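File shown: my_file_12.tsv (TSV, C-alpha atoms).
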```
chain	number	residue	atom	x	y	z
A	1	MET	CA	-43.21	44.81	-35.79
A	2	LYS	CA	-40.70	41.94	-35.92
A	3	ASP	CA	-38.11	42.36	-33.21
A	4	PHE	CA	-35.25	40.72	-35.16
A	5	VAL	CA	-33.83	39.13	-32.02
A	6	ASN	CA	-31.61	36.31	-33.27
A	7	THR	CA	-32.44	37.20	-36.87
A	8	PRO	CA	-29.23	38.36	-38.52
A	9	LEU	CA	-28.76	41.35	-40.74
A	10	SER	CA	-26.76	40.17	-43.73
A	11	LEU	CA	-25.39	42.61	-46.29
A	12	TYR	CA	-22.53	43.59	-48.53
A	13	ALA	CA	-21.37	46.43	-46.35
A	14	GLY	CA	-19.31	49.53	-46.89
A	15	LEU	CA	-18.56	52.34	-44.48
A	16	GLN	CA	-21.72	54.13	-45.61
A	17	ASP	CA	-23.69	51.29	-43.98
A	18	LEU	CA	-22.38	51.91	-40.46
A	19	LYS	CA	-25.45	54.00	-39.62
A	20	ILE	CA	-27.85	51.30	-40.85
A	21	ILE	CA	-26.02	48.68	-38.83
A	22	ARG	CA	-26.26	50.86	-35.72
A	23	SER	CA	-29.99	51.36	-36.31
A	24	PHE	CA	-30.46	47.60	-36.52
A	25	VAL	CA	-28.45	46.87	-33.38
A	26	ARG	CA	-30.16	49.71	-31.50
A	27	HIS	CA	-33.61	48.43	-32.45
A	28	VAL	CA	-32.90	44.85	-31.42
A	29	ALA	CA	-31.08	45.82	-28.24
A	30	LEU	CA	-33.92	48.05	-27.06
A	31	ARG	CA	-36.50	45.37	-27.95
A	32	SER	CA	-34.44	42.93	-25.88
A	33	GLY	CA	-34.76	45.18	-22.82
A	34	VAL	CA	-31.24	46.60	-22.80
A	35	ASP	CA	-30.69	49.68	-20.66
A	36	PRO	CA	-30.31	52.80	-22.89
A	37	CYS	CA	-26.87	53.64	-21.47
A	38	ALA	CA	-25.73	50.14	-22.27
A	39	VAL	CA	-27.18	50.52	-25.78
A	40	ASP	CA	-24.87	53.49	-26.34
A	41	GLU	CA	-21.84	51.41	-25.37
A	42	ILE	CA	-22.95	48.48	-27.51
A	43	LEU	CA	-23.39	50.77	-30.51
A	44	LEU	CA	-19.95	52.26	-30.02
A	45	ALA	CA	-18.29	48.85	-29.76
A	46	THR	CA	-20.22	47.51	-32.75
A	47	THR	CA	-19.23	50.51	-34.84
A	48	GLU	CA	-15.58	50.11	-33.92
A	49	ALA	CA	-15.57	46.40	-34.67
A	50	VAL	CA	-17.38	46.78	-37.99
A	51	THR	CA	-15.12	49.65	-38.97
A	52	ASN	CA	-12.08	47.47	-38.35
A	53	ILE	CA	-13.58	44.69	-40.49
A	54	LEU	CA	-14.30	47.07	-43.35
A	55	VAL	CA	-11.12	49.14	-43.20
A	56	HIS	CA	-8.59	46.45	-42.33
A	57	GLY	CA	-10.29	43.19	-43.24
A	58	TYR	CA	-11.79	44.30	-46.53
A	59	ARG	CA	-9.18	47.02	-47.14
A	60	GLY	CA	-11.83	49.69	-47.47
A	61	GLU	CA	-13.84	47.76	-50.05
A	62	VAL	CA	-17.39	46.47	-49.75
A	63	GLY	CA	-17.58	43.00	-48.22
A	64	TRP	CA	-20.08	40.52	-46.84
A	65	LEU	CA	-21.03	41.07	-43.25
A	66	GLU	CA	-23.53	39.43	-40.95
A	67	VAL	CA	-24.69	41.12	-37.77
A	68	GLN	CA	-26.71	39.16	-35.23
A	69	VAL	CA	-27.94	40.43	-31.89
A	70	ARG	CA	-28.66	37.70	-29.32
A	71	ARG	CA	-29.75	37.53	-25.75
A	72	GLU	CA	-28.19	35.00	-23.39
A	73	GLY	CA	-29.70	35.38	-19.97
A	74	ASP	CA	-29.03	38.95	-18.89
A	75	ASN	CA	-26.24	39.35	-21.40
A	76	LEU	CA	-26.51	40.91	-24.81
A	77	LEU	CA	-24.32	39.56	-27.59
A	78	VAL	CA	-23.48	41.13	-30.92
A	79	VAL	CA	-22.07	38.52	-33.29
A	80	LEU	CA	-20.21	39.75	-36.37
A	81	ARG	CA	-19.27	37.39	-39.19
A	82	ASP	CA	-17.29	38.26	-42.29
A	83	GLU	CA	-15.31	36.74	-45.14
A	84	ALA	CA	-12.29	38.99	-44.70
A	85	ILE	CA	-8.68	38.07	-44.04
A	86	ALA	CA	-8.06	36.49	-40.67
A	87	PHE	CA	-7.82	39.04	-37.88
A	88	ASP	CA	-8.19	38.38	-34.17
A	89	PRO	CA	-8.72	41.69	-32.32
A	90	THR	CA	-8.61	39.91	-28.94
A	91	GLN	CA	-4.87	39.55	-29.49
A	92	ILE	CA	-4.38	43.31	-29.66
A	93	LEU	CA	-2.83	44.18	-26.36
A	94	ALA	CA	-3.56	47.28	-24.35
A	95	PRO	CA	-1.14	50.01	-25.40
A	96	ASP	CA	2.40	49.67	-24.04
A	97	LEU	CA	3.97	53.02	-24.66
A	98	THR	CA	7.44	51.69	-23.79
A	99	VAL	CA	7.45	49.50	-26.91
A	100	PRO	CA	8.84	51.18	-30.06
A	101	LEU	CA	6.10	52.28	-32.41
A	102	GLU	CA	7.21	50.01	-35.25
A	103	ASP	CA	7.00	46.96	-32.98
A	104	ARG	CA	3.39	47.49	-31.97
A	105	PRO	CA	0.67	45.37	-33.53
A	106	LEU	CA	-2.02	46.89	-35.71
A	107	GLY	CA	-5.14	48.22	-34.04
A	108	GLY	CA	-5.64	51.34	-32.06
A	109	LEU	CA	-8.43	53.40	-30.67
A	110	GLY	CA	-11.12	51.08	-31.99
A	111	VAL	CA	-10.07	47.97	-30.08
A	112	HIS	CA	-9.45	50.09	-26.98
A	113	LEU	CA	-13.00	51.47	-27.17
A	114	ILE	CA	-14.43	47.97	-27.66
A	115	ARG	CA	-12.68	46.84	-24.49
A	116	GLU	CA	-13.83	49.91	-22.59
A	117	SER	CA	-17.44	49.49	-23.75
A	118	MET	CA	-18.07	45.74	-23.59
A	119	SER	CA	-17.47	43.10	-20.95
A	120	ARG	CA	-15.46	40.89	-23.29
A	121	MET	CA	-15.06	39.78	-26.88
A	122	VAL	CA	-14.62	36.29	-28.24
A	123	TYR	CA	-13.04	35.49	-31.57
A	124	ARG	CA	-13.01	32.41	-33.73
A	125	PRO	CA	-11.99	31.88	-37.34
A	126	LEU	CA	-14.83	30.55	-39.50
A	127	PRO	CA	-14.38	27.08	-41.03
A	128	ARG	CA	-15.07	28.37	-44.56
A	129	GLY	CA	-12.75	31.34	-44.08
A	130	GLY	CA	-13.46	34.67	-42.50
A	131	ASN	CA	-13.96	35.67	-38.93
A	132	GLU	CA	-16.54	35.60	-36.19
A	133	LEU	CA	-16.28	38.17	-33.45
A	134	THR	CA	-18.74	38.14	-30.54
A	135	LEU	CA	-19.06	41.26	-28.42
A	136	ILE	CA	-20.57	40.53	-25.01
A	137	LYS	CA	-22.19	43.03	-22.67
A	138	GLU	CA	-22.87	41.27	-19.38
A	139	GLY	CA	-25.87	42.35	-17.35
A	140	ALA	CA	-27.12	44.63	-20.12
A	141	ILE	CA	-30.67	43.35	-19.90
A	142	LYS	CA	-32.64	44.62	-16.95
A	143	LYS	CA	-35.56	42.54	-15.77
B	1	MET	CA	-24.13	63.91	-40.89
B	2	GLU	CA	-24.44	67.57	-41.78
B	3	ILE	CA	-21.71	70.13	-41.30
B	4	SER	CA	-22.18	73.88	-41.42
B	5	THR	CA	-19.71	76.61	-40.63
B	6	GLU	CA	-20.14	79.98	-38.98
B	7	THR	CA	-17.69	82.56	-37.81
B	8	ALA	CA	-17.83	84.52	-34.61
B	9	GLN	CA	-15.66	87.23	-33.14
B	10	GLY	CA	-14.28	86.94	-29.65
B	11	ARG	CA	-10.81	88.15	-28.79
B	12	VAL	CA	-9.88	86.35	-32.01
B	13	PRO	CA	-12.00	85.16	-34.95
B	14	VAL	CA	-13.46	81.72	-34.25
B	15	ALA	CA	-14.61	79.22	-36.84
B	16	ILE	CA	-17.63	77.35	-35.49
B	17	LEU	CA	-18.23	73.95	-37.10
B	18	VAL	CA	-21.76	72.76	-36.40
B	19	LEU	CA	-22.08	68.96	-36.60
B	20	VAL	CA	-25.52	67.36	-36.76
B	21	GLY	CA	-26.09	63.62	-36.95
B	22	GLU	CA	-23.65	60.73	-36.50
B	23	LEU	CA	-19.87	60.97	-36.90
B	24	ASP	CA	-18.01	57.80	-37.84
B	25	ALA	CA	-15.53	56.37	-40.31
B	26	SER	CA	-17.87	57.10	-43.22
B	27	ASN	CA	-17.73	60.85	-42.82
B	28	PHE	CA	-14.97	61.96	-40.44
B	29	GLU	CA	-12.75	63.04	-43.32
B	30	THR	CA	-15.35	65.62	-44.37
B	31	VAL	CA	-14.99	67.24	-40.93
B	32	ILE	CA	-11.22	67.43	-41.38
B	33	ALA	CA	-11.69	68.80	-44.90
B	34	GLU	CA	-14.06	71.49	-43.62
B	35	ALA	CA	-11.53	72.50	-40.98
B	36	GLN	CA	-8.78	72.56	-43.58
B	37	SER	CA	-10.91	74.91	-45.66
B	38	CYS	CA	-11.38	77.20	-42.66
B	39	TYR	CA	-7.67	77.07	-41.92
B	40	ALA	CA	-6.88	78.02	-45.51
B	41	SER	CA	-9.17	81.02	-45.03
B	42	GLY	CA	-7.18	82.08	-41.98
B	43	SER	CA	-8.98	80.41	-39.06
B	44	ARG	CA	-6.77	79.29	-36.21
B	45	ALA	CA	-9.44	78.85	-33.52
B	46	PHE	CA	-12.10	76.19	-33.90
B	47	LEU	CA	-15.23	75.63	-31.87
B	48	MET	CA	-17.01	72.34	-32.57
B	49	ASP	CA	-20.73	72.71	-31.88
B	50	MET	CA	-21.66	69.13	-31.03
B	51	SER	CA	-25.09	69.76	-29.53
B	52	GLY	CA	-26.72	68.03	-32.50
B	53	LEU	CA	-24.23	65.17	-32.74
B	54	THR	CA	-25.91	61.98	-31.59
B	55	PHE	CA	-23.02	59.56	-32.08
B	56	MET	CA	-19.23	59.71	-32.40
B	57	SER	CA	-16.81	56.84	-32.87
B	58	SER	CA	-13.02	56.76	-32.68
B	59	SER	CA	-12.94	58.26	-36.17
B	60	GLY	CA	-14.42	61.38	-34.65
B	61	ILE	CA	-11.61	61.44	-32.09
B	62	VAL	CA	-9.12	61.23	-34.93
B	63	ALA	CA	-10.91	64.08	-36.73
B	64	LEU	CA	-10.82	66.32	-33.65
B	65	HIS	CA	-7.18	65.55	-32.99
B	66	SER	CA	-6.34	66.12	-36.66
B	67	ILE	CA	-7.95	69.56	-36.47
B	68	ALA	CA	-5.91	70.32	-33.34
B	69	LEU	CA	-2.74	69.41	-35.23
B	70	LEU	CA	-3.84	71.42	-38.25
B	71	ALA	CA	-4.63	74.49	-36.17
B	72	ARG	CA	-1.15	74.55	-34.69
B	73	GLY	CA	0.44	74.13	-38.08
B	74	GLU	CA	1.21	70.40	-37.94
B	75	LYS	CA	0.29	67.70	-40.39
B	76	PRO	CA	-2.93	65.76	-39.63
B	77	HIS	CA	-2.71	62.02	-39.02
B	78	ASN	CA	-1.93	59.39	-41.55
B	79	LEU	CA	-5.04	57.36	-40.93
B	80	GLU	CA	-3.32	54.06	-41.70
B	81	SER	CA	-0.85	54.57	-38.90
B	82	GLY	CA	-2.67	52.52	-36.29
B	83	TRP	CA	-0.86	52.83	-33.00
B	84	SER	CA	1.03	55.94	-34.09
B	85	VAL	CA	-2.28	57.82	-34.01
B	86	PHE	CA	-2.99	56.53	-30.53
B	87	HIS	CA	0.55	57.30	-29.40
B	88	SER	CA	0.36	60.81	-30.80
B	89	ILE	CA	-2.95	61.39	-29.08
B	90	ASP	CA	-1.65	59.94	-25.82
B	91	GLN	CA	1.38	62.25	-25.87
B	92	ASP	CA	-0.87	65.24	-26.47
B	93	ILE	CA	-3.21	64.30	-23.63
B	94	ALA	CA	-0.24	64.41	-21.26
B	95	SER	CA	0.32	68.04	-22.21
B	96	GLY	CA	-3.17	69.07	-21.03
B	97	PHE	CA	-5.84	71.15	-22.77
B	98	GLN	CA	-4.80	72.50	-26.10
B	99	ARG	CA	-6.01	75.95	-27.08
B	100	HIS	CA	-6.96	75.66	-30.75
B	101	ILE	CA	-10.11	73.53	-30.77
B	102	LYS	CA	-12.81	73.42	-28.13
B	103	LEU	CA	-16.11	71.59	-27.86
B	104	LEU	CA	-19.58	73.03	-27.32
B	105	ASN	CA	-22.31	70.92	-25.69
B	106	PRO	CA	-21.28	67.38	-26.59
B	107	GLN	CA	-24.04	64.96	-25.57
B	108	PRO	CA	-23.39	62.66	-22.56
B	109	ARG	CA	-22.68	59.59	-24.72
B	110	ILE	CA	-20.03	61.53	-26.61
B	111	ILE	CA	-18.50	62.79	-23.39
B	112	GLN	CA	-18.24	59.14	-22.37
B	113	THR	CA	-16.36	58.35	-25.57
B	114	LEU	CA	-14.00	61.24	-24.90
B	115	LYS	CA	-13.42	59.95	-21.36
B	116	LYS	CA	-12.76	56.40	-22.53
B	117	THR	CA	-9.89	57.69	-24.66
B	118	GLY	CA	-8.66	60.32	-22.22
B	119	MET	CA	-9.54	63.05	-24.71
B	120	ASP	CA	-11.65	64.84	-22.08
B	121	ARG	CA	-8.27	66.02	-20.75
B	122	PHE	CA	-7.29	67.41	-24.13
B	123	PHE	CA	-10.44	69.14	-25.40
B	124	GLU	CA	-12.02	71.77	-23.21
B	125	VAL	CA	-15.81	71.45	-23.11
B	126	PHE	CA	-18.21	74.40	-22.84
B	127	THR	CA	-21.95	74.58	-22.30
B	128	ASP	CA	-22.20	78.29	-23.13
B	129	ARG	CA	-21.48	79.35	-26.69
B	130	GLN	CA	-20.33	82.88	-25.91
B	131	ALA	CA	-18.09	81.73	-23.09
B	132	ALA	CA	-16.54	79.26	-25.52
B	133	ILE	CA	-15.94	81.96	-28.13
B	134	ASP	CA	-14.44	84.31	-25.55
B	135	SER	CA	-12.14	81.61	-24.19
B	136	PHE	CA	-9.87	81.62	-27.25
```
Here is the file; what I need is its structure written in the form of structure tokens.
Amino acid sequence: MKDFVNTPLSLYAGLQDLKIIRSFVRHVALRSGVDPCAVDEILLATTEAVTNILVHGYRGEVGWLEVQVRREGDNLLVVLRDEAIAFDPTQILAPDLTVPLEDRPLGGLGVHLIRESMSRMVYRPLPRGGNELTLIKEGAIKK
Amino acid sequence: MEISTETAQGRVPVAILVLVGELDASNFETVIAEAQSCYASGSRAFLMDMSGLTFMSSSGIVALHSIALLARGEKPHNLESGWSVFHSIDQDIASGFQRHIKLLNPQPRIIQTLKKTGMDRFFEVFTDRQAAIDSF
């Protein structure tokens, strides 16, 4: 069976596709040799990131999404590309409960869980519009 | 994800919501709706049987917290509120375990999600169904 490493999943996604996206990422991550506990964390982070794209970027509507799972050395990367409005989740700060609620930026539990589950995330706007978010799990691949 | 509901009698009647499958943004509102239906029928104690739940995202956390608010007569979250949801949850965590909704046998990966958000300090977890029912 094709292992889909580096081969992206490209679809017009809605929230009902979250499970399919997780199945794809799970399959590729396990085929890449990722530790099962790390797979759980990668799936959680991917779900949170994709949910943010669909709910906030596409305002709950269906939108184009590309999901690619890549291996770089011992690190596993999940690269998400979309055509949604510009949104950089790396700029969402950890919660500061001393700041008045109305002054806090958008984002909540999802970004927090991405940070808790992955080593880091890297954002860049796409030249044609849209966003690219790379979720990186360092040391996820055991030899 | 499938949801089924049972009732059990401990010191008080307990609504047991059995969740099987994966809980995320696509279906968390159905969990809240099911709890609302139980509440409308008089339930004030909720036991979430999570033994068959294989995945839960932050939407599941929001659903659980919404049910806790509902059970104590408060309005569930406005899901567009972003940080206000987090803030509300964070305030509740500081108050310790709440008594209206408890969890039965969440799988280790879901316990990890609860820990990452501090919700393990808000939802009491049981491994024995009868003990959970009797704890209300």
For Glu61 of chain A, find every residue with an atom within 7 Å (counting all atoms listed in the file), except residues of its own chain fewer than 3 positions away, and show them as a list in words. Gly14, Leu54 and Tyr58 of chain A
If you take every atom of segment 4-11 of chain B that the file lists and fit an axis-aligned box around them with 3 Å extra on each side, what centre and edge lengths come out in Å to one decimal, as AutoDock Vina command-line options?
```
--center_x -16.5 --center_y 81.0 --center_z -35.1 --size_x 17.4 --size_y 20.3 --size_z 18.6
```
Have a look at atom CA of Ile67 of chain B and atom CA of Gly110 of chain A and let me know their distance in Å, one decimal.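 One can read the atom CA of Ile67 of chain B to atom CA of Gly110 of chain A distance as 19.3 Å.
Using all atoms listed in the file for every distance, the candidate list A:Leu43, A:Leu65, A:Leu80, A:Ile136 yields A:Leu43 as the residue closest to chain B.
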May I have the residues within 8 Å of Gly21 of chain B as a ChimeraX atom specification, using all atoms listed in the file and disregarding those fewer than 6 positions away in the same chain? /B:1-2,52-55
Take the selection from the previous step and output its residues with C-alpha atoms, as a PDB file, keeping the file's coordinate frame.
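Okay, part_3.pdb is ready:
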```pdb
ATOM      1  CA  MET B   1     -24.130  63.910 -40.890  1.00  0.00           C
ATOM      2  CA  GLU B   2     -24.440  67.570 -41.780  1.00  0.00           C
ATOM      3  CA  GLY B  52     -26.720  68.030 -32.500  1.00  0.00           C
ATOM      4  CA  LEU B  53     -24.230  65.170 -32.740  1.00  0.00           C
ATOM      5  CA  THR B  54     -25.910  61.980 -31.590  1.00  0.00           C
ATOM      6  CA  PHE B  55     -23.020  59.560 -32.080  1.00  0.00           C
TER       7      PHE B  55
END
```
If I only have part of segment 4-16 of chain A, can you fill in N, CA, C and O atoms and write it as a tab-separated table (two decimals), keeping the file's coordinate frame?
```
chain	number	residue	atom	x	y	z
A	4	PHE	N	-36.54	41.08	-34.59
A	4	PHE	CA	-35.25	40.72	-35.16
A	4	PHE	C	-34.27	40.14	-34.15
A	4	PHE	O	-33.09	40.02	-34.46
A	5	VAL	N	-34.73	39.79	-32.95
A	5	VAL	CA	-33.83	39.13	-32.02
A	5	VAL	C	-33.45	37.78	-32.61
A	5	VAL	O	-34.32	37.02	-33.02
A	6	ASN	N	-32.17	37.52	-32.67
A	6	ASN	CA	-31.61	36.31	-33.27
A	6	ASN	C	-31.66	36.29	-34.79
A	6	ASN	O	-31.02	35.44	-35.40
A	7	THR	N	-32.41	37.17	-35.41
A	7	THR	CA	-32.44	37.20	-36.87
A	7	THR	C	-31.31	38.09	-37.36
A	7	THR	O	-31.26	39.27	-37.02
A	8	PRO	N	-30.37	37.53	-38.13
A	8	PRO	CA	-29.23	38.36	-38.52
A	8	PRO	C	-29.55	39.34	-39.64
A	8	PRO	O	-30.44	39.11	-40.46
A	9	LEU	N	-28.79	40.41	-39.62
A	9	LEU	CA	-28.76	41.35	-40.74
A	9	LEU	C	-27.57	40.93	-41.60
A	9	LEU	O	-26.45	40.86	-41.10
A	10	SER	N	-27.82	40.63	-42.85
A	10	SER	CA	-26.76	40.17	-43.73
A	10	SER	C	-26.70	41.11	-44.92
A	10	SER	O	-27.72	41.38	-45.57
A	11	LEU	N	-25.49	41.64	-45.20
A	11	LEU	CA	-25.39	42.61	-46.29
A	11	LEU	C	-23.96	42.68	-46.81
A	11	LEU	O	-23.03	42.26	-46.13
A	12	TYR	N	-23.85	43.21	-48.02
A	12	TYR	CA	-22.53	43.59	-48.53
A	12	TYR	C	-22.32	45.03	-48.06
A	12	TYR	O	-22.96	45.95	-48.55
A	13	ALA	N	-21.45	45.17	-47.09
A	13	ALA	CA	-21.37	46.43	-46.35
A	13	ALA	C	-20.17	47.26	-46.76
A	13	ALA	O	-19.07	46.73	-47.02
A	14	GLY	N	-20.38	48.54	-46.79
A	14	GLY	CA	-19.31	49.53	-46.89
A	14	GLY	C	-19.45	50.49	-45.72
A	14	GLY	O	-20.40	50.39	-44.93
A	15	LEU	N	-18.53	51.41	-45.61
A	15	LEU	CA	-18.56	52.34	-44.48
A	15	LEU	C	-19.86	53.14	-44.44
A	15	LEU	O	-20.32	53.52	-43.36
A	16	GLN	N	-20.48	53.36	-45.59
A	16	GLN	CA	-21.72	54.13	-45.61
A	16	GLN	C	-22.86	53.38	-44.93
A	16	GLN	O	-23.92	53.95	-44.67
```
